[in-house]
Structure formats: C-alpha cells, structure tokens
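Chemist: This is the structure I have questions about; it appears just below.
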Amino acid sequence: MQTAQPKSIQVKGLQKTYKQLHVLKGVDFEVEKGSIFALLGSNGAGKTTTVKILTTLLKPDGGTVTVGGFDVASKPDHVRQSISLTGQFAAVDEILTGRENLIMLAKLRHLQNPRQIADDMLKRFGLTDAADRRASTYSGGMRRRLDIALSLVGQPQIVFLDEPTTGLDPEARIEVWKIVKELAGSGTTVFLTTQYLEEAEQLADRIAILHEGRIIASGTLSELKKLFPSAKVEYVEKQPTLEEIFLAIIGKKEAM
Amino acid sequence: METVKKHFFSDMGVMLGRSMRHIFRSMDTIVTVCITPIAMMLLFVYVFGGAIQAGTDNYVNYLLPGILLIAIASGIAYTAYRLFLDKQRGIIERFHSMPIARSAVLWGHVLTSVVSNAISLVVIILVALVMGFRSSAGVLPWLAVAGILVLFTLALTWVAAIAGLSAKSVEGASAFSYPLIFLPFISSAFVPTDSMPRVVRAFADNQPVTSIVEAIRALLSGQPVGNEIWIALAWCVGITLVAYIFAMRAYKKRV
C-alpha cells in the first residue's frame with residue numbers, strides 16, 4: 001500500500017471535536033522527510049491534540065492524515081512501526097533505572113541485543129554514570145534526555161516531540177536542541193510542538209502557526225518574516241523577531 | 001496486525017516484569033497489604049474472639065477466609081494506583097504509540113495484581129498457621145480454594161482497573177476500595193448471619209462475600225461445599241465480566 005511518498009507527514013483538512021469543543025477546524029500541513037517541522041501555538045491551540053492524532057493515540061473526526069506513508073486511521077499499526085513519541089511529560093518509569101528503562105523499550109520493539117542497545121544509548125546521551133540509578137533520582141534535564149533516548153530506541157524514522165523543553169532550565173534546553181539537530185542531520189524527520197518562539201526559530205526548517213484550530217501561517221522562517229511589513233524609517237534596521245510575527249498574525253486574525 | 005498479535009505474550013511478559021520490579025522495589029506495598037488483615041486477625045481472635053459465638057472451637061479457622069478477602073480488597077487498590085500513575089505520567093501513551101499489543105499493557109497490570117496478592121495471601125496464611133489455623137483439606141480442596149481466591153482477585157482487579165483508568169486524582173484511584181474492604185464485615189466472615197437484624201441479614205446472606213467465605217470455609221474444613229461454591233463462582237465470573245467490559249471501555253476511551 002506504500003506509495004512513492006516524498007513527504008513524511010501529510011495532513012489535510014484535519015478536524016477534531018471534544019464534545020462541544022471544536023479543537024481542530026481543518027488543519028493542513030506537510031512535513032518533508034528528514035526535516036525539522038515546528039508546530040507553534042499558544043496553550044490550548046490544539047498542538048497536543050494534533051500530535052496525539054498523528055501518533056495514533058486519538059482518532060481524527062475528519063480529514064486525512066498520512067504518517068510514514070500510511071493512513072493513521074486505517075493503518076495505525078503500520079504507522080506505529082515508523083514513529084516514536086516523546087510526550088509533554090517525561091514518560092520514564094521512575095522506579096526502574098535508566099538502563100532498565102532502555103532495555104524494556106528495546107524488548108518492546110522486539111530488537112536483538114537489548115542490553116547492547118541500552119549501553120549505546122546511555123553513552124550517546126551522557127547517562128552512563130547514572131545508568132544504574134533509579135530514574136526518580138535524575139534531574140529534569142537527565143530525565144528528558146532519558147525520555148528522548150527511549151524514543152530513539154529502534155531508530156524510528158519520524159520522531160514526535162511534544163513541547164520537549166517545557167519546564168527545562170536553559171542549559172538542559174540547549175542540550176535538547178543539540179540532540180534534535182543531530183537527529184535531523186542523520187535523516188530522521190522531527191516533528192515538534194513548542195510555545196517558545198525562539199525554539200522554533202533555532203531549530204525548525206519549516207514552521208506552522210496553529211491558532212484557534214487552524215494553521216494561520218506556515219513556511220520557512222524567512223518566508224514568515226516576509227509576511228510581516230518590514231520596519232521603516234529607523235536609524236537601525238530592525239528585523240522582526242518571530243515573536244513579533246506571531247503576535248502580529250494572531251492580532252490580525254482576531255481583528256477580522 | 002499479525003506481527004502485533006504474535007508479540008502479545010512477549011509484550012505482556014515485559015509488562016509483567018516491569019510491574020513486578022515495582023512491587024519488589026516497594027516492599028512496603030506488600031507489607032501494607034498484609035499488615036491490616038493480620039492486625040484484624042489478631043484483634044478478632046485475641047480480643048473479640050472470646051465473646052463471639054461462631055459455633056466453632058477454632059475461631060482462626062472460621063475467620064481466615066474473610067481475612068483473605070479483606071487482604072485482596074485492599075491489595076487491588078495498588079493496582080488502581082499503579083494504573084493511574086501510568087496514565088497520568090504518559091507512560092501508557094508512550095506504549096500505545098509503539099507497535100505493541102495494546103491490551104498487553106493492561107494485562108500486565110492485571111497479572112501483577114494476581115501475583116502480588118498471592119504473595120500477600122501466603123504471608124497471611126503463614127501467620128494464621130502460627131495463630132493456630134489448621135486445615136484437614138487435601139490437595140484438591142486447597143487447589144479449589146486457590147482457584148476461588150484467584151478468581152476473586154481477578155474480579156476485583158478489573159474493578160480496580162476501572163477506578164485507576166477513570167480517576168482524576170490519586171486519592172480517587174484508590175478510594176473505591178474502602179467499601180470493598182468493608183463488605184466482609186456485613187457477611188458471615190466474622191460472625192454467623194443468624195444474629196443480624198432481618199434487613200442486614202438479607203443483605204449479608206445475598207452478597208458475594210458470604211458465599212465465597214462459606215465455600216472457602218467448607219473446603220478448608222473438609223465439609224461438603226454444596227451450592228455455595230457455584231454461587232461463589234458465579235459472583236466471581238459475573239463481576240469479572242461486567243468489570244472487564246467497563247474497564248476496557250474506560251481504557252479505550254482514555255487512549
């Protein structure tokens with residue numbers, strides 16, 4: 001069933017309603033293979049709902065979603081083979097050690113040599129010294145690193161990161177950014193959501209702004225910057241920051 | 001699909017291994033589950049026992065089945081608690097976004113519940129032996145007792161799964177077990193139901209704990225079991241089926 005598909009993710013007319021609440025009102029976007037895509041939006045914009053649908057945790061109410069060449073609604077098992085999800089809260093097992101967490105995930109992915117895989121991951125994420133301590137003793141940054149390491153067991157082609165740096169200190173945030181850049185460098189597609197404009201600016205090849213259930217703007221950073229009338233009559237030429245673009249676009253939509 | 005189905009048992013094995021580690025690393029859960037029933041057993045045998053007319057010369061023998069059910073009712077609260085934490089911390093979501101048999105996640109918790117409750121029950125029976133519990137039952141009646149206890153554990157575990165999956169807070173996840181722990185008190189677990197007022201007696205005679213207690217008591221004392229065992233089994237299987245349906249519904253709704 002797999003068609004020649006240059007896009008890792010294709011979303012067309014995606015709708016989702018929770019009881020009375022119309023969370024997604026026709027979302028469209030595409031993500032190129034091997035790129036970093038940032039879905040930007042304020043709290044409650046529908047970012048997590050979108051991630052949950054793309055990772056087969058929720059069923060869409062309308063529209064089509066293809067991830068890794070498979071439809072999420074009709075072929076969820078095929079989609080799960082090629083993705084991994086790092087949710088908003090570091091979903092590590094706190095009672096197990098870092099090593100045990102990794103071995104468990106390797107076993108669940110039915111890989112050969114779970115211990116070897118765990119050792120490699122611990123090394124790659126700088127957790128070797130803490131490998132045999134329970135995850136409950138880890139700092140926020142270490143926990144997030146373990147969380148991302150767990151997601152990368154089995155080398156999924158498409159990695160979903162839902163607000164990967166929320167609640168992290170600046171140092172840990174930069175570490176996570178480094179990991180994300182390395183991932184994309186090795187050909188993995190990264191889909192991340194964030195409410196930090198700087199994060200999208202730093203990492204993403206393409207950015208889509210989700211606001212009140214719709215994508216109100218999308219493109220590369222420079223394309224988004226063009227949408228904003230550039231500054232005039234100033235002694236110092238000032239480029240708009242992504243934050244200004246974001247607020248300006250949202251303000252415009254609300255005024256309409 | 002096929003590959004996912006094929007891995008159900010290995011996935012469930014991983015899940016079982018995981019939550020058994022949880023139990024052995026927090027032995028306090030087993031101690032907590034054992035301590036209350038053992039304390040009750042001591043209280044009823046050495047404090048109230050002398051005044052209770054149960055029509056038996058060995059009150060420990062009379063009491064033990066009810067104590068075991070109380071232990072199960074408090075033990076399954078931890079299953080609700082562990083399920084709730086997995087749900088709240090996004091661990092269930094992590095598993096569900098992976099190509100594994102989804103129901104293995106839930107079954108892992110259910111099997112863990114059966115194993116950990118079995119450990120608690122063995123500890124309590126050992127204490128009862130020290131307190132003078134004696135049974136003339138042979139291997140087959142003991143196996144039947146074990147079977148009933150496992151079925152009762154399964155039934156209550158599925159009830160616990162509903163609570164753990166639909167609770168909004170940790171307290172809510174385990175609060176449901178209090179009425180279950182109380183149920184044996186309004187049954188023939190501690191005293192015969194004849195002395196109870198008519199309404200209470202009607203309830204006591206027709207609630208699941210009485211038939212289960214009577215069946216286990218008869219099996220352990222080598223008496224003929226009669227109809228009680230079939231009523232007991234019907235309760236266990238009935239509760240399991242109904243709770244399983246609702247737990248699965250809650251499980252699918254949550255994810």
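So you can find residues: chains in the structure tokens are A, B, ... in the order shown, residues in each start at 1, and ligands are numbered from 1 in order.
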At a cut-off of 9 Å, using only C-alpha atoms, what residues contact Glu30 (chain A)? Leave out same-chain residues fewer than 6 positions from it and give the result as a ChimeraX atom specification.
Modeler: /A:7-12,37
Chemist: Could you dump the residues just selected with C-alpha atoms as a PDB file, in the first residue's frame?
Modeler:
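Generated file (result_2.pdb):
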```pdb
ATOM      1  CA  LYS A   7       6.586  13.585   2.435  1.00  0.00           C
ATOM      2  CA  SER A   8       6.894  12.051   5.873  1.00  0.00           C
ATOM      3  CA  ILE A   9       3.672  13.570   7.108  1.00  0.00           C
ATOM      4  CA  GLN A  10       0.665  14.816   5.163  1.00  0.00           C
ATOM      5  CA  VAL A  11      -2.300  16.363   6.925  1.00  0.00           C
ATOM      6  CA  LYS A  12      -5.364  17.516   5.001  1.00  0.00           C
ATOM      7  CA  PHE A  37       8.995  20.869  11.471  1.00  0.00           C
TER       8      PHE A  37
END
```
Chemist: So which bits of region 156-254 of chain A end up alpha helix (DSSP H) when you DSSP the backbone, as a ChimeraX atom specification?
Modeler: /A:170-185,197-203,221-227,242-254
Chemist: Convert the current residue selection to file output with C-alpha atoms, as a PDB file, in the first residue's frame.
Modeler:
```pdb
ATOM      1  CA  PRO A 170      18.233  26.894  29.788  1.00  0.00           C
ATOM      2  CA  GLU A 171      21.201  24.550  29.858  1.00  0.00           C
ATOM      3  CA  ALA A 172      19.065  21.440  29.522  1.00  0.00           C
ATOM      4  CA  ARG A 173      17.093  23.178  26.799  1.00  0.00           C
ATOM      5  CA  ILE A 174      20.231  23.755  24.739  1.00  0.00           C
ATOM      6  CA  GLU A 175      21.163  20.090  25.206  1.00  0.00           C
ATOM      7  CA  VAL A 176      17.800  19.037  23.825  1.00  0.00           C
ATOM      8  CA  TRP A 177      18.212  21.399  20.879  1.00  0.00           C
ATOM      9  CA  LYS A 178      21.569  19.809  20.114  1.00  0.00           C
ATOM     10  CA  ILE A 179      20.000  16.344  20.157  1.00  0.00           C
ATOM     11  CA  VAL A 180      17.209  17.450  17.821  1.00  0.00           C
ATOM     12  CA  LYS A 181      19.655  18.982  15.346  1.00  0.00           C
ATOM     13  CA  GLU A 182      21.774  15.831  15.340  1.00  0.00           C
ATOM     14  CA  LEU A 183      18.701  13.732  14.706  1.00  0.00           C
ATOM     15  CA  ALA A 184      17.639  15.699  11.679  1.00  0.00           C
ATOM     16  CA  GLY A 185      21.231  15.647  10.482  1.00  0.00           C
ATOM     17  CA  LEU A 197       9.188  31.122  19.531  1.00  0.00           C
ATOM     18  CA  GLU A 198      12.915  31.082  19.981  1.00  0.00           C
ATOM     19  CA  GLU A 199      12.880  27.294  19.879  1.00  0.00           C
ATOM     20  CA  ALA A 200      11.087  27.198  16.544  1.00  0.00           C
ATOM     21  CA  GLU A 201      13.441  29.881  15.242  1.00  0.00           C
ATOM     22  CA  GLN A 202      16.513  27.935  16.376  1.00  0.00           C
ATOM     23  CA  LEU A 203      15.533  24.500  15.168  1.00  0.00           C
ATOM     24  CA  LEU A 221      11.457  31.435   8.921  1.00  0.00           C
ATOM     25  CA  SER A 222      12.399  33.831   6.115  1.00  0.00           C
ATOM     26  CA  GLU A 223       9.049  33.275   4.394  1.00  0.00           C
ATOM     27  CA  LEU A 224       7.265  34.087   7.619  1.00  0.00           C
ATOM     28  CA  LYS A 225       9.375  37.161   8.051  1.00  0.00           C
ATOM     29  CA  LYS A 226       8.283  38.378   4.612  1.00  0.00           C
ATOM     30  CA  LEU A 227       4.662  38.269   5.747  1.00  0.00           C
ATOM     31  CA  LEU A 242       9.480  35.559  15.152  1.00  0.00           C
ATOM     32  CA  GLU A 243       7.691  36.638  18.294  1.00  0.00           C
ATOM     33  CA  GLU A 244       6.553  39.862  16.644  1.00  0.00           C
ATOM     34  CA  ILE A 245       5.449  37.981  13.550  1.00  0.00           C
ATOM     35  CA  PHE A 246       3.489  35.538  15.659  1.00  0.00           C
ATOM     36  CA  LEU A 247       1.718  38.201  17.679  1.00  0.00           C
ATOM     37  CA  ALA A 248       1.067  40.347  14.621  1.00  0.00           C
ATOM     38  CA  ILE A 249      -0.517  37.487  12.683  1.00  0.00           C
ATOM     39  CA  ILE A 250      -2.664  36.443  15.573  1.00  0.00           C
ATOM     40  CA  GLY A 251      -3.728  40.030  16.205  1.00  0.00           C
ATOM     41  CA  LYS A 252      -4.695  40.433  12.534  1.00  0.00           C
ATOM     42  CA  LYS A 253      -6.787  37.289  12.516  1.00  0.00           C
ATOM     43  CA  GLU A 254      -8.612  38.312  15.645  1.00  0.00           C
TER      44      GLU A 254
END
```
Chemist: Could you tell me which residues of chain A sit within 10 Å of chain B when counting only C-alpha atoms, and give me the result as a tab-separated table (two decimals) with N, CA and C atoms, in the first residue's frame?
Modeler:
```
chain	number	residue	atom	x	y	z
A	52	LYS	N	-1.33	13.88	19.13
A	52	LYS	CA	-1.98	12.61	19.51
A	52	LYS	C	-2.62	11.93	18.31
A	54	LEU	N	-1.60	12.33	15.14
A	54	LEU	CA	-0.53	11.88	14.26
A	54	LEU	C	0.17	10.63	14.80
A	55	THR	N	0.15	10.46	16.13
A	55	THR	CA	0.82	9.29	16.71
A	55	THR	C	-0.17	8.17	17.04
A	56	THR	N	-1.35	8.22	16.47
A	56	THR	CA	-2.39	7.17	16.57
A	56	THR	C	-3.01	7.03	17.95
A	57	LEU	N	-2.81	8.03	18.82
A	57	LEU	CA	-3.42	7.92	20.15
A	57	LEU	C	-4.86	8.39	20.14
A	58	LEU	N	-5.20	9.23	19.19
A	58	LEU	CA	-6.57	9.74	19.05
A	58	LEU	C	-7.01	9.52	17.62
A	59	LYS	N	-8.30	9.33	17.44
A	59	LYS	CA	-8.81	9.19	16.08
A	59	LYS	C	-9.30	10.54	15.57
A	75	LYS	N	-4.52	2.39	9.15
A	75	LYS	CA	-3.33	1.54	9.32
A	75	LYS	C	-2.49	1.99	10.52
A	76	PRO	N	-3.11	2.11	11.70
A	76	PRO	CA	-2.34	2.61	12.85
A	76	PRO	C	-1.13	1.74	13.18
A	77	ASP	N	-1.26	0.42	13.02
A	77	ASP	CA	-0.13	-0.45	13.37
A	77	ASP	C	1.08	-0.20	12.49
A	78	HIS	N	0.82	0.09	11.20
A	78	HIS	CA	1.93	0.39	10.30
A	78	HIS	C	2.56	1.72	10.67
A	79	VAL	N	1.72	2.69	11.03
A	79	VAL	CA	2.26	3.99	11.42
A	79	VAL	C	3.17	3.83	12.64
A	80	ARG	N	2.70	3.03	13.62
A	80	ARG	CA	3.48	2.87	14.87
A	80	ARG	C	4.85	2.25	14.63
A	81	GLN	N	5.00	1.51	13.53
A	81	GLN	CA	6.30	0.90	13.25
A	81	GLN	C	7.36	1.97	12.97
A	82	SER	N	6.93	3.12	12.44
A	82	SER	CA	7.95	4.07	11.99
A	82	SER	C	8.02	5.33	12.84
A	83	ILE	N	7.23	5.40	13.92
A	83	ILE	CA	7.25	6.64	14.70
A	83	ILE	C	7.70	6.40	16.14
A	84	SER	N	7.97	7.50	16.83
A	84	SER	CA	8.07	7.43	18.28
A	84	SER	C	7.56	8.75	18.83
A	85	LEU	N	7.10	8.69	20.06
A	85	LEU	CA	6.51	9.88	20.68
A	85	LEU	C	7.21	10.20	21.98
A	86	THR	N	7.60	11.45	22.12
A	86	THR	CA	8.06	11.94	23.41
A	86	THR	C	7.02	12.95	23.86
A	87	GLY	N	6.26	12.58	24.84
A	87	GLY	CA	5.13	13.42	25.26
A	87	GLY	C	5.55	14.62	26.08
A	88	GLN	N	4.55	15.37	26.53
A	88	GLN	CA	4.84	16.61	27.25
A	88	GLN	C	5.55	16.38	28.57
A	89	PHE	N	5.21	15.27	29.23
A	89	PHE	CA	5.85	14.96	30.49
A	89	PHE	C	6.79	13.80	30.25
A	90	ALA	N	7.99	13.88	30.82
A	90	ALA	CA	8.95	12.81	30.60
A	90	ALA	C	8.36	11.49	31.05
A	91	ALA	N	7.99	10.66	30.08
A	91	ALA	CA	7.32	9.40	30.41
A	91	ALA	C	8.35	8.31	30.64
A	92	VAL	N	9.12	8.45	31.73
A	92	VAL	CA	10.07	7.41	32.06
A	92	VAL	C	9.52	6.67	33.28
A	93	ASP	N	9.93	5.42	33.42
A	93	ASP	CA	9.50	4.66	34.58
A	93	ASP	C	10.43	5.01	35.73
A	94	GLU	N	9.93	5.71	36.74
A	94	GLU	CA	10.80	6.25	37.78
A	94	GLU	C	11.36	5.19	38.70
A	95	ILE	N	10.67	4.06	38.81
A	95	ILE	CA	11.12	3.03	39.75
A	95	ILE	C	12.22	2.19	39.10
A	96	LEU	N	12.24	2.16	37.78
A	96	LEU	CA	13.31	1.44	37.08
A	96	LEU	C	14.51	2.35	36.92
A	100	GLU	N	17.41	-0.01	32.79
A	100	GLU	CA	16.24	-0.90	32.71
A	100	GLU	C	15.15	-0.30	31.82
A	101	ASN	N	14.98	1.01	31.92
A	101	ASN	CA	14.01	1.68	31.04
A	101	ASN	C	14.34	1.41	29.57
A	103	ILE	N	16.28	-0.97	28.27
A	103	ILE	CA	16.17	-2.40	27.91
A	103	ILE	C	14.71	-2.76	27.69
A	104	MET	N	13.84	-2.22	28.56
A	104	MET	CA	12.41	-2.53	28.42
A	104	MET	C	11.90	-2.06	27.06
A	105	LEU	N	12.28	-0.83	26.67
A	105	LEU	CA	11.81	-0.32	25.38
A	105	LEU	C	12.37	-1.13	24.21
A	107	LYS	N	13.12	-4.25	24.27
A	107	LYS	CA	12.38	-5.52	24.22
A	107	LYS	C	11.00	-5.31	23.61
A	108	LEU	N	10.37	-4.19	23.95
A	108	LEU	CA	9.04	-3.94	23.40
A	108	LEU	C	9.10	-3.67	21.90
A	109	ARG	N	10.25	-3.20	21.43
A	109	ARG	CA	10.40	-3.02	19.98
A	109	ARG	C	10.92	-4.29	19.33
A	110	HIS	N	11.07	-5.35	20.14
A	110	HIS	CA	11.49	-6.67	19.67
A	110	HIS	C	12.83	-6.63	18.95
A	147	ASP	N	14.24	10.25	28.43
A	147	ASP	CA	12.96	10.20	27.74
A	147	ASP	C	13.16	10.19	26.22
A	150	LEU	N	14.76	6.97	25.08
A	150	LEU	CA	13.76	5.90	24.99
A	150	LEU	C	13.02	5.97	23.66
A	151	SER	N	12.75	7.21	23.23
A	151	SER	CA	12.04	7.39	21.97
A	151	SER	C	12.86	6.94	20.77
```
Chemist: May I ask for the distance between CA of Asp120 (chain A) and CA of Gly140 (chain A), given in Å to one decimal place?
Modeler: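 Calculated distance between CA of Asp120 (chain A) and CA of Gly140 (chain A) is 21.3 Å.
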Chemist: Which one is closest to Val209 (chain B): B:Ala155, B:Val225, B:Arg102, B:Leu69? Count only C-alpha atoms.
Modeler: B:Leu69
Chemist: Near region 136-139 of chain B, counting only C-alpha atoms, which residues have an atom at most 7 Å away, once you skip same-chain residues fewer than 6 positions from it, shown as a list of chain:residue names?
Modeler: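 Once the nearby chain positions are removed, what remains is B:Leu219, B:Leu220, B:Ser221, B:Gly222.
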Chemist: Take the residues from that selection and put them in a file with N, CA and C atoms, as a PDB file, in the first residue's frame.
Modeler:
```
ATOM      1  N   LEU B 219     -14.428 -25.828  52.165  1.00  0.00           N
ATOM      2  CA  LEU B 219     -13.318 -26.538  51.523  1.00  0.00           C
ATOM      3  C   LEU B 219     -12.174 -26.777  52.507  1.00  0.00           C
ATOM      4  N   LEU B 220     -11.836 -25.743  53.296  1.00  0.00           N
ATOM      5  CA  LEU B 220     -10.698 -25.856  54.204  1.00  0.00           C
ATOM      6  C   LEU B 220     -10.984 -26.799  55.361  1.00  0.00           C
ATOM      7  N   SER B 221     -12.265 -26.902  55.757  1.00  0.00           N
ATOM      8  CA  SER B 221     -12.563 -27.747  56.916  1.00  0.00           C
ATOM      9  C   SER B 221     -13.014 -29.148  56.494  1.00  0.00           C
ATOM     10  N   GLY B 222     -12.919 -29.404  55.203  1.00  0.00           N
ATOM     11  CA  GLY B 222     -13.261 -30.737  54.727  1.00  0.00           C
ATOM     12  C   GLY B 222     -14.743 -31.050  54.759  1.00  0.00           C
TER      13      GLY B 222
END
```
Chemist: When you draw a straight line from CA of Ala118 (chain A) to CA of Tyr138 (chain A), how long is it in Å?
Modeler: 16.9 Å
Chemist: Considering only C-alpha atoms, return as a PyMOL selection string whatever protein or nucleic-acid residues lie within 9 Å of region 19-27 of chain A, sequence-local ones (same chain, fewer than 5 positions apart) excluded.
Modeler: chain A and resi 11-14+44-46+49-50+62-63+210+212-215
Chemist: Emit the selected residues as a PDB file, in the first residue's frame, including C-alpha atoms.
Modeler:
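What ended up in again_9.pdb:
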```pdb
ATOM      1  CA  VAL A  11      -2.300  16.363   6.925  1.00  0.00           C
ATOM      2  CA  LYS A  12      -5.364  17.516   5.001  1.00  0.00           C
ATOM      3  CA  GLY A  13      -8.485  19.062   6.469  1.00  0.00           C
ATOM      4  CA  LEU A  14      -7.892  17.533   9.896  1.00  0.00           C
ATOM      5  CA  GLY A  44      -4.813  25.249  24.139  1.00  0.00           C
ATOM      6  CA  ALA A  45      -4.254  25.902  20.439  1.00  0.00           C
ATOM      7  CA  GLY A  46      -4.598  22.191  19.676  1.00  0.00           C
ATOM      8  CA  THR A  49      -4.354  17.074  20.030  1.00  0.00           C
ATOM      9  CA  THR A  50      -2.614  17.201  16.662  1.00  0.00           C
ATOM     10  CA  GLY A  62     -12.432  14.440   9.706  1.00  0.00           C
ATOM     11  CA  GLY A  63      -9.734  14.884   7.092  1.00  0.00           C
ATOM     12  CA  LEU A 210      -1.633  26.850  14.849  1.00  0.00           C
ATOM     13  CA  GLU A 212      -7.758  28.534  17.253  1.00  0.00           C
ATOM     14  CA  GLY A 213      -7.813  25.212  15.417  1.00  0.00           C
ATOM     15  CA  ARG A 214      -6.341  26.372  12.108  1.00  0.00           C
ATOM     16  CA  ILE A 215      -2.912  26.838  10.589  1.00  0.00           C
TER      17      ILE A 215
END
```
Chemist: Determine, counting only C-alpha atoms, which protein, DNA and RNA residues have an atom within 8 Å of an atom of Ser188 (chain B); residues of the same chain fewer than 3 positions away are not included. Present the result as a PyMOL selection string.
Modeler: chain B and resi 184-185+191-193+204-205+209-210+213-214
Chemist: Using the selection just defined, write its residues with C-alpha atoms as a PDB file, in the first residue's frame.
Modeler:
```pdb
ATOM      1  CA  PRO B 184     -16.736  -8.776  54.556  1.00  0.00           C
ATOM      2  CA  PHE B 185     -17.909  -7.185  57.833  1.00  0.00           C
ATOM      3  CA  VAL B 191     -19.979 -13.973  62.788  1.00  0.00           C
ATOM      4  CA  PRO B 192     -22.835 -16.164  61.535  1.00  0.00           C
ATOM      5  CA  THR B 193     -25.551 -14.074  59.907  1.00  0.00           C
ATOM      6  CA  ALA B 204     -25.385 -10.330  54.233  1.00  0.00           C
ATOM      7  CA  ASP B 205     -26.815 -13.623  53.005  1.00  0.00           C
ATOM      8  CA  VAL B 209     -18.552 -12.274  50.154  1.00  0.00           C
ATOM      9  CA  THR B 210     -20.820 -14.615  52.167  1.00  0.00           C
ATOM     10  CA  VAL B 213     -16.391 -17.187  52.501  1.00  0.00           C
ATOM     11  CA  GLU B 214     -18.736 -20.138  53.076  1.00  0.00           C
TER      12      GLU B 214
END
```
Chemist: Measuring between only C-alpha atoms, which one of A:Gly41, A:Gly141, A:Pro156, A:Pro164 shows the shortest distance to Ser186 (chain A)?
Modeler: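 Smallest separation from Ser186 (chain A) among the options: A:Pro156.
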Chemist: Which of these residues is nearest to Pro208 (chain B), using only C-alpha atoms: B:Leu16, B:Ala39, B:Ala234, B:Ala173?
Modeler: B:Ala234
Chemist: In Å, how far is it from CA of Ile76 (chain B) to CA of Leu180 (chain B)?
Modeler: 10.1 Å
